[in-house]
Amino acid sequence: MSTHEWPLWEVFIRSKAGLNHKHVGSLRAADAEMAVENARDVYTRRSEGISIWVVESKDIYASDPTEADALFEPADSKIYRHPTFYDVPDGISHM
Amino acid sequence: MEEINYAELERRFQEKIDKDIKIEPKDWMPDDYRQTLIRQISQHAHSEIVGMLPEGNWITRAPNLRRKAVLLAKVQDEAGHGLYLYSAAETLGADREETIDDLHSGKAKYSSIFNYPTLTWADMGAIGWLVDGAAIMNQVPLCRCSYGPYARAMVRVCKEESFHQRQGFEIMTKLAQGTPEQKAMAQDALNRFWWPSLMMFGPNDAESKHTAQSVKWKIKRHTNDELRQQFVDVTVPQAEMIGLTIPDKDLKFNEATGHYEFGEINWDEFWQVVAGNGPCNKDRIDTRRKAKENGEWVREAASAYAAKQAELKRA
């Protein structure tokens, strides 16, 4: 067996308390534990994180970019979801 | 879905590039774009990995603990940069193992600068100052490259590289201010690394076969000669400041253009080193190959452990 069989992992880092984990890149590792240790060395050498998530790349199901228009179209046509859609009379505040 | 022909897909692709919309791994891209990026990113990754060797040569002989800790951190960064880049190449469908095997078989290239030996401690200074300086010049525009994963990797790399150049310049400054022997050592390192550093930007624009297409695709933002000129313009005053002399009798400042004019690069030497005939080509590849072979049992053990743990979990 060689590294060839080592799965690919996607790495997510929480940079500080209060912020969400954010995707930073990927790496190869034999198992989840090693993936976290490698992620520590590869992606947090300058204190970029306080928490690491790793997910095997094959377990991520992603939307299809060629169908992005159809997928996101419903939101495009609903401008009334934004506050700027509404008229507010002059003199009204705290709204 | 309607049938879209290749020309139309290509037209839409170029339109995105022209609008500065980044290309992401699952987006449609012309095969040439993919292959160009795989070649460039993997060469870049190999350069980071092989680039650890000339400096690794001096870790055990660093003159004091501070210098040793700094050099270790720098070399560790190069390993990290190689890994960001191998991952970026994988997003394009490159196989990691194959990519590395291509380096070891001599099929893939890496920056020819790393085929020069590091003979003295001053070479650590010259490499940080000149080689990392030239690399930064190349890499900063790559942060705006049209391919998302490459651009993001470059942002991380550039943030980390700036310390590399400063530590090199600090070594050179200290030596230049030292005893006459130390200053001579610094000058000697500059003499040996100056020209190979200028070669790092690649062939002259007229000779560079990939430049035009890469500029159109926004993989490259500047030509080789533009970047080389920029490097000379910023580096010459730095050398003067610390009292070292650039080894080029034709070097002179042109008041009219605001640029330094410099002598002819020995392109024959460049192509010789690229072709594998540099002073350390064989040594570098042998070292990488041995590192892989000697690590085989560790990788095997880790795989076996992972398989066993997974089995225990299922039971």
# chains A, B, ... in the order shown; residues from 1 in each chain; ligands from 1
$ residues_around --residues "Glu5 of chain A" --least-positions-apart "5" --cutoff "10 Å" --atoms "only C-alpha atoms" --output "ChimeraX atom specification"
/A:28-30 /B:97,299-300,303
$ residues_around --residues "Cys158 of chain B" --least-positions-apart "6" --cutoff "8 Å" --atoms "only C-alpha atoms" --output "list of chain:residue names"
B:Ile136, B:Gln139, B:Val140
$ write_last_selection --atoms "N, CA and C atoms" --output "CSV table (one decimal), in the first residue's frame"
chain,number,residue,atom,x,y,z
B,136,ILE,N,8.8,36.0,-4.9
B,136,ILE,CA,7.7,36.9,-4.5
B,136,ILE,C,7.2,37.7,-5.7
B,139,GLN,N,5.1,35.6,-7.7
B,139,GLN,CA,3.9,35.1,-7.0
B,139,GLN,C,2.8,36.1,-6.7
B,140,VAL,N,3.3,37.3,-6.4
B,140,VAL,CA,2.3,38.3,-6.0
B,140,VAL,C,1.2,38.5,-7.1
$ interface_residues --of "chain A" --to "chain B" --cutoff "12 Å" --atoms "only C-alpha atoms" --output "PyMOL selection string"
chain A and resi 1-11+23-35+38-46+48+57+62-68+70
$ atom_distance --atom1 "atom CA of Ala62 of chain B" --atom2 "atom CA of Ala176 of chain B"
17.2 Å
$ atom_distance --atom1 "atom CA of Gly258 of chain B" --atom2 "atom CA of Val232 of chain B"
11.8 Å
$ residues_around --residues "Arg144 of chain B" --least-positions-apart "4" --cutoff "12 Å" --atoms "only C-alpha atoms" --output "compact mmCIF listing (two decimals) with N, CA, C and O atoms, in the first residue's frame"
# COMPACT_ATOMS: atom_id res chain seq x y z
N ILE B 17 -13.46 35.09 -17.82
CA ILE B 17 -12.09 35.52 -17.54
C ILE B 17 -11.98 37.03 -17.73
O ILE B 17 -11.43 37.73 -16.88
N ASP B 20 -13.14 39.07 -15.01
CA ASP B 20 -12.46 38.77 -13.74
C ASP B 20 -13.28 37.88 -12.82
O ASP B 20 -13.20 38.00 -11.59
N ILE B 21 -14.09 37.00 -13.40
CA ILE B 21 -14.81 36.01 -12.59
C ILE B 21 -13.89 34.79 -12.48
O ILE B 21 -13.42 34.26 -13.49
N LYS B 22 -13.63 34.35 -11.24
CA LYS B 22 -12.70 33.23 -11.04
C LYS B 22 -13.28 31.92 -11.57
O LYS B 22 -14.49 31.70 -11.53
N ILE B 23 -12.41 31.06 -12.02
CA ILE B 23 -12.79 29.72 -12.45
C ILE B 23 -12.58 28.79 -11.26
O ILE B 23 -11.53 28.83 -10.61
N ASN B 138 7.26 36.98 -8.72
CA ASN B 138 6.48 36.09 -9.59
C ASN B 138 5.12 35.77 -8.99
O ASN B 138 4.13 35.61 -9.70
N GLN B 139 5.09 35.61 -7.66
CA GLN B 139 3.91 35.06 -7.01
C GLN B 139 2.85 36.09 -6.67
O GLN B 139 1.66 35.75 -6.63
N VAL B 140 3.25 37.32 -6.41
CA VAL B 140 2.26 38.33 -6.05
C VAL B 140 1.19 38.48 -7.14
O VAL B 140 -0.01 38.43 -6.83
N GLY B 148 -9.28 29.89 -9.18
CA GLY B 148 -9.51 30.13 -7.75
C GLY B 148 -8.58 29.41 -6.79
O GLY B 148 -7.90 30.06 -5.99
N PRO B 149 -8.50 28.08 -6.86
CA PRO B 149 -7.66 27.38 -5.88
C PRO B 149 -6.18 27.78 -5.95
O PRO B 149 -5.50 27.84 -4.92
N TYR B 150 -5.68 28.08 -7.16
CA TYR B 150 -4.28 28.51 -7.29
C TYR B 150 -4.10 29.91 -6.67
O TYR B 150 -3.17 30.14 -5.90
N ALA B 151 -5.04 30.79 -6.99
CA ALA B 151 -4.97 32.15 -6.46
C ALA B 151 -5.01 32.13 -4.92
O ALA B 151 -4.23 32.81 -4.25
N ARG B 152 -5.88 31.32 -4.37
CA ARG B 152 -6.01 31.27 -2.90
C ARG B 152 -4.74 30.69 -2.26
O ARG B 152 -4.29 31.17 -1.21
N ALA B 153 -4.17 29.67 -2.91
CA ALA B 153 -2.92 29.11 -2.38
C ALA B 153 -1.82 30.18 -2.40
O ALA B 153 -1.03 30.29 -1.47
N MET B 154 -1.81 30.98 -3.47
CA MET B 154 -0.77 32.01 -3.60
C MET B 154 -0.91 33.10 -2.55
O MET B 154 0.09 33.66 -2.10
N VAL B 155 -2.14 33.40 -2.15
CA VAL B 155 -2.34 34.41 -1.11
C VAL B 155 -1.66 33.93 0.19
O VAL B 155 -0.92 34.67 0.84
N CYS B 158 2.24 33.97 -0.34
CA CYS B 158 2.85 35.31 -0.33
C CYS B 158 2.91 35.90 1.08
O CYS B 158 3.88 36.54 1.45
N VAL B 215 -1.38 34.94 -20.58
CA VAL B 215 -1.81 36.30 -20.25
C VAL B 215 -3.29 36.44 -20.62
O VAL B 215 -4.09 37.00 -19.87
N TRP B 217 -5.53 34.17 -20.63
CA TRP B 217 -6.32 33.43 -19.64
C TRP B 217 -6.18 33.99 -18.23
O TRP B 217 -6.71 33.43 -17.28
N LYS B 218 -5.40 35.02 -18.09
CA LYS B 218 -5.13 35.63 -16.78
C LYS B 218 -4.54 34.63 -15.78
O LYS B 218 -4.82 34.68 -14.58
N ILE B 219 -3.76 33.71 -16.30
CA ILE B 219 -2.96 32.87 -15.41
C ILE B 219 -1.73 33.69 -15.07
O ILE B 219 -1.29 33.76 -13.93
N LYS B 220 -1.21 34.34 -16.07
CA LYS B 220 -0.07 35.25 -15.91
C LYS B 220 -0.56 36.67 -16.07
O LYS B 220 -1.42 36.92 -16.93
N ARG B 221 -0.04 37.57 -15.28
CA ARG B 221 -0.46 38.97 -15.40
C ARG B 221 0.64 39.85 -16.00
O ARG B 221 0.39 40.95 -16.44
N HIS B 222 1.88 39.37 -15.91
CA HIS B 222 3.02 40.13 -16.44
C HIS B 222 3.92 39.17 -17.20
O HIS B 222 3.95 37.98 -16.90
$ atom_distance --atom1 "atom CA of Phe201 of chain B" --atom2 "atom CA of Thr223 of chain B"
8.8 Å
$ residues_around --residues "Glu261 of chain B" --least-positions-apart "4" --cutoff "12 Å" --atoms "only C-alpha atoms" --output "list in words"
Arg228, Gln229, Gln230, Phe231, Val232, Asp233, Val236, Asp248, Lys249, Asp250, Leu251, Lys252, Phe253, Asn254, Glu255, Ala256 and Thr257 of chain B
$ closest_residue --among "B:Gln165, B:Arg284, B:Ile113, B:Gly93" --to "Gln35 of chain B" --atoms "only C-alpha atoms"
B:Gly93
$ select_by_dssp --residues "chain A" --states "strand (DSSP E or B)" --output "PyMOL selection string"
chain A and resi 8-14+22-28+51-56
$ write_last_selection --atoms "N, CA, C and O atoms" --output "mmCIF file, in the first residue's frame"
data_model
loop_
_atom_site.group_PDB
_atom_site.id
_atom_site.type_symbol
_atom_site.label_atom_id
_atom_site.label_comp_id
_atom_site.auth_asym_id
_atom_site.auth_seq_id
_atom_site.Cartn_x
_atom_site.Cartn_y
_atom_site.Cartn_z
ATOM 1 N N LEU A 8 -8.321 11.857 0.319
ATOM 2 C CA LEU A 8 -8.215 13.317 0.308
ATOM 3 C C LEU A 8 -9.212 13.868 1.334
ATOM 4 O O LEU A 8 -10.342 13.394 1.420
ATOM 5 N N TRP A 9 -8.750 14.853 2.089
ATOM 6 C CA TRP A 9 -9.607 15.480 3.115
ATOM 7 C C TRP A 9 -9.725 16.966 2.845
ATOM 8 O O TRP A 9 -8.747 17.610 2.462
ATOM 9 N N GLU A 10 -10.914 17.488 3.076
ATOM 10 C CA GLU A 10 -11.108 18.943 3.004
ATOM 11 C C GLU A 10 -10.969 19.493 4.422
ATOM 12 O O GLU A 10 -11.457 18.890 5.384
ATOM 13 N N VAL A 11 -10.286 20.618 4.530
ATOM 14 C CA VAL A 11 -9.976 21.177 5.854
ATOM 15 C C VAL A 11 -10.749 22.467 6.084
ATOM 16 O O VAL A 11 -10.776 23.344 5.217
ATOM 17 N N PHE A 12 -11.370 22.556 7.264
ATOM 18 C CA PHE A 12 -12.129 23.746 7.654
ATOM 19 C C PHE A 12 -11.558 24.261 8.972
ATOM 20 O O PHE A 12 -11.358 23.479 9.902
ATOM 21 N N ILE A 13 -11.318 25.537 9.049
ATOM 22 C CA ILE A 13 -10.684 26.111 10.248
ATOM 23 C C ILE A 13 -11.558 27.202 10.854
ATOM 24 O O ILE A 13 -12.071 28.067 10.138
ATOM 25 N N ARG A 14 -11.702 27.147 12.181
ATOM 26 C CA ARG A 14 -12.331 28.258 12.898
ATOM 27 C C ARG A 14 -11.183 29.161 13.366
ATOM 28 O O ARG A 14 -10.330 28.729 14.135
ATOM 29 N N LYS A 22 -14.225 27.697 8.243
ATOM 30 C CA LYS A 22 -14.156 28.110 6.846
ATOM 31 C C LYS A 22 -13.222 27.171 6.089
ATOM 32 O O LYS A 22 -12.164 26.794 6.615
ATOM 33 N N HIS A 23 -13.600 26.834 4.864
ATOM 34 C CA HIS A 23 -12.765 25.938 4.074
ATOM 35 C C HIS A 23 -11.440 26.610 3.746
ATOM 36 O O HIS A 23 -11.422 27.763 3.330
ATOM 37 N N VAL A 24 -10.317 25.905 3.972
ATOM 38 C CA VAL A 24 -9.010 26.504 3.679
ATOM 39 C C VAL A 24 -8.221 25.737 2.625
ATOM 40 O O VAL A 24 -7.269 26.252 2.058
ATOM 41 N N GLY A 25 -8.608 24.480 2.370
ATOM 42 C CA GLY A 25 -7.841 23.705 1.392
ATOM 43 C C GLY A 25 -8.006 22.233 1.676
ATOM 44 O O GLY A 25 -8.910 21.836 2.415
ATOM 45 N N SER A 26 -7.129 21.430 1.111
ATOM 46 C CA SER A 26 -7.253 19.990 1.309
ATOM 47 C C SER A 26 -5.890 19.363 1.540
ATOM 48 O O SER A 26 -4.858 20.030 1.395
ATOM 49 N N LEU A 27 -5.896 18.122 1.938
ATOM 50 C CA LEU A 27 -4.643 17.389 2.125
ATOM 51 C C LEU A 27 -4.930 15.897 2.113
ATOM 52 O O LEU A 27 -6.087 15.476 2.155
ATOM 53 N N ARG A 28 -3.880 15.114 2.066
ATOM 54 C CA ARG A 28 -4.041 13.663 2.109
ATOM 55 C C ARG A 28 -3.591 13.133 3.467
ATOM 56 O O ARG A 28 -2.625 13.626 4.039
ATOM 57 N N SER A 51 -9.740 25.732 16.017
ATOM 58 C CA SER A 51 -10.493 24.494 15.856
ATOM 59 C C SER A 51 -10.414 24.044 14.398
ATOM 60 O O SER A 51 -10.385 24.881 13.494
ATOM 61 N N ILE A 52 -10.315 22.726 14.208
ATOM 62 C CA ILE A 52 -10.181 22.182 12.851
ATOM 63 C C ILE A 52 -11.265 21.133 12.611
ATOM 64 O O ILE A 52 -11.513 20.283 13.469
ATOM 65 N N TRP A 53 -11.900 21.211 11.472
ATOM 66 C CA TRP A 53 -12.764 20.122 11.004
ATOM 67 C C TRP A 53 -12.103 19.514 9.776
ATOM 68 O O TRP A 53 -11.571 20.264 8.935
ATOM 69 N N VAL A 54 -12.165 18.207 9.664
ATOM 70 C CA VAL A 54 -11.750 17.582 8.405
ATOM 71 C C VAL A 54 -12.892 16.687 7.917
ATOM 72 O O VAL A 54 -13.566 16.044 8.715
ATOM 73 N N VAL A 55 -13.131 16.697 6.626
ATOM 74 C CA VAL A 55 -14.178 15.893 6.017
ATOM 75 C C VAL A 55 -13.575 15.213 4.801
ATOM 76 O O VAL A 55 -12.887 15.865 4.015
ATOM 77 N N GLU A 56 -13.827 13.931 4.669
ATOM 78 C CA GLU A 56 -13.315 13.258 3.477
ATOM 79 C C GLU A 56 -13.965 13.869 2.237
ATOM 80 O O GLU A 56 -15.196 14.006 2.176
#
